[in-house]
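Here is the structure we will look at.
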Amino acid sequence: MLNAREINAAKIAVLTSVLTLTVTFLAGRIYWQHAAKEEPKPAAGFDTLVAQGRSFFAKSCAHCHGRDADGGEDAPSLRKLSISPGHMTLVIQSGIKDEMPSFAKKYSDTDVQKIVAYLQTLK
Amino acid sequence: MTVPWEQLHGAMTHFPIALLLFSAACDFGSVVLGKMAFASELRKVSIYGLAVSAVASIGAVVSGIALTKGNMWGHGELGWHHRFLWPAFGLLIALAIWRLLVRDQMSRAGLCVYLFLMFLTSGLIAAAGYFGGELLLGGG
């Protein structure tokens with residue numbers, strides 16, 4: 001059996017853990033709502049955005065990921081991606097070490113959003 | 001200036017994972033060595049390793065929240081990353097607090113429960129690390 005000291009310590013530990021998780025999730029929720037408000041609104045209509053994104057994709061991504069984004073010899077299919085638009089943006093801007101170059105210098109934030117908008121239509 | 005959260009999160013997650021696994025290994029070593037003097041040293045190292053791991057995990061979690069813009073659950077690999085991460089984070093904090101309060105005055109039953117939870121947390125954090133790695137380096 002656990003001794004009294006262990007039981008008291010367990011109560012404090014569980015309480016602290018629950019409190020930490022609660023604060024973490026609350027902070028995350030507040031940040032999520034704040035980030036949603038800050039999300040820049042597209043200047044053009046969605047169709048135009050997607051068309052421009054498709055054009056950028058054809059220029060910079062299609063030679064590895066395939067013309068229809070269904071994968072190439074060295075790069076995976078981008079259809080049915082399960083990652084968030086925010087993460088797509090990160091991957092395009094940061095690249096993947098030894099696998100994919102960064103496009104942060106080539107495309108502005110707005111251009112990357114257009115590519116992401118196009119990729120989202122492939123789901 | 002844009003903060004490179006992806007790189008920061010990748011860097012910050014390694015410390016708590018490595019320290020937790022190291023702490024669990026030290027605990028296992030101390031049980032194997034039994035009453036040898038070195039076992040007591042291993043237990044001390046384990047306590048501080050676990051405490052530093054818990055503190056470092058807060059930085060990893062904060063950078064992760066910033067990276068996902070507050071998406072605490074998500075779909076696909078991000079969802080799996082979080083399914084393993086949140087229980088591991090909760091257990092890590094609880095185990096560190098418990099261990100710091102109890103220190104060496106553990107009963108046999110306490111030690112058994114503690115070791116079981118340490119190995120469970122290690123497994124959960126390893127799985128969270130795997131899906132996190134797939135997310136950042138696996139190309140989606």
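Ordered as shown in the structure tokens, chains take letters A, B, and onward, while each chain numbers its residues from 1 and ligands are numbered from 1 in the order shown.
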>> Please identify the alpha helix (DSSP H) residues within stretch 41-72 of chain B (assignment by DSSP from backbone atoms) and present them as number ranges by chain.
In response: B: 41-67
> Excluding same-chain residues fewer than 2 positions from stretch 109-112 of chain B, what lies within 9 Å of it counting only C-alpha atoms, as a VMD selection string?
Replying inline: (chain A and resid 1 to 3 6) or (chain B and resid 106 to 107 114 to 117)
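When only C-alpha atoms are used to compute distances to chain B, the closest of the residues A:Lys105, A:Arg5, A:Lys114, A:Lys37 turns out to be A:Arg5.
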>> Residues of chain A within 10 Å of chain B, counting only C-alpha atoms, what are they? List them as number ranges by chain.
In response: A: 1-3, 5-21, 24-36, 75-78, 81-88, 90-91, 94-100
Find the residues near A:Gly45: any atom within 12 Å, counting only C-alpha atoms, skip ones fewer than 6 places away on the same chain, and give them as an mmCIF file with N, CA and C atoms, in the first residue's frame.
```cif
data_model
loop_
_atom_site.group_PDB
_atom_site.id
_atom_site.type_symbol
_atom_site.label_atom_id
_atom_site.label_comp_id
_atom_site.auth_asym_id
_atom_site.auth_seq_id
_atom_site.Cartn_x
_atom_site.Cartn_y
_atom_site.Cartn_z
ATOM 1 N N ALA A 51 -6.739 29.993 -58.736
ATOM 2 C CA ALA A 51 -6.146 29.981 -60.084
ATOM 3 C C ALA A 51 -4.698 30.471 -60.026
ATOM 4 N N GLN A 52 -4.460 31.516 -59.243
ATOM 5 C CA GLN A 52 -3.087 32.012 -59.100
ATOM 6 C C GLN A 52 -2.224 30.986 -58.373
ATOM 7 N N LYS A 114 -1.957 31.597 -51.612
ATOM 8 C CA LYS A 114 -2.627 31.205 -52.854
ATOM 9 C C LYS A 114 -2.325 29.731 -53.178
ATOM 10 N N ALA A 117 -4.267 27.688 -50.824
ATOM 11 C CA ALA A 117 -5.690 27.679 -51.226
ATOM 12 C C ALA A 117 -5.908 26.665 -52.341
#
```
>> Show me, as a PyMOL selection string, the residues that have an atom within 10 Å of A:Lys106 when counting only C-alpha atoms, minus same-chain residues fewer than 4 positions from it.
In response: chain A and resi 60+93+102+111-112
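Atom pair atom CA of A:Gly66 / atom CA of B:Gly133 has a distance of 24.6 Å (rounded to one decimal).
As for atom CA of B:Ala56 and atom CA of B:Thr121, they are spaced 15.3 Å apart.
Relative to atom CA of B:Leu50, atom CA of B:Leu20 is found at 5.7 Å.
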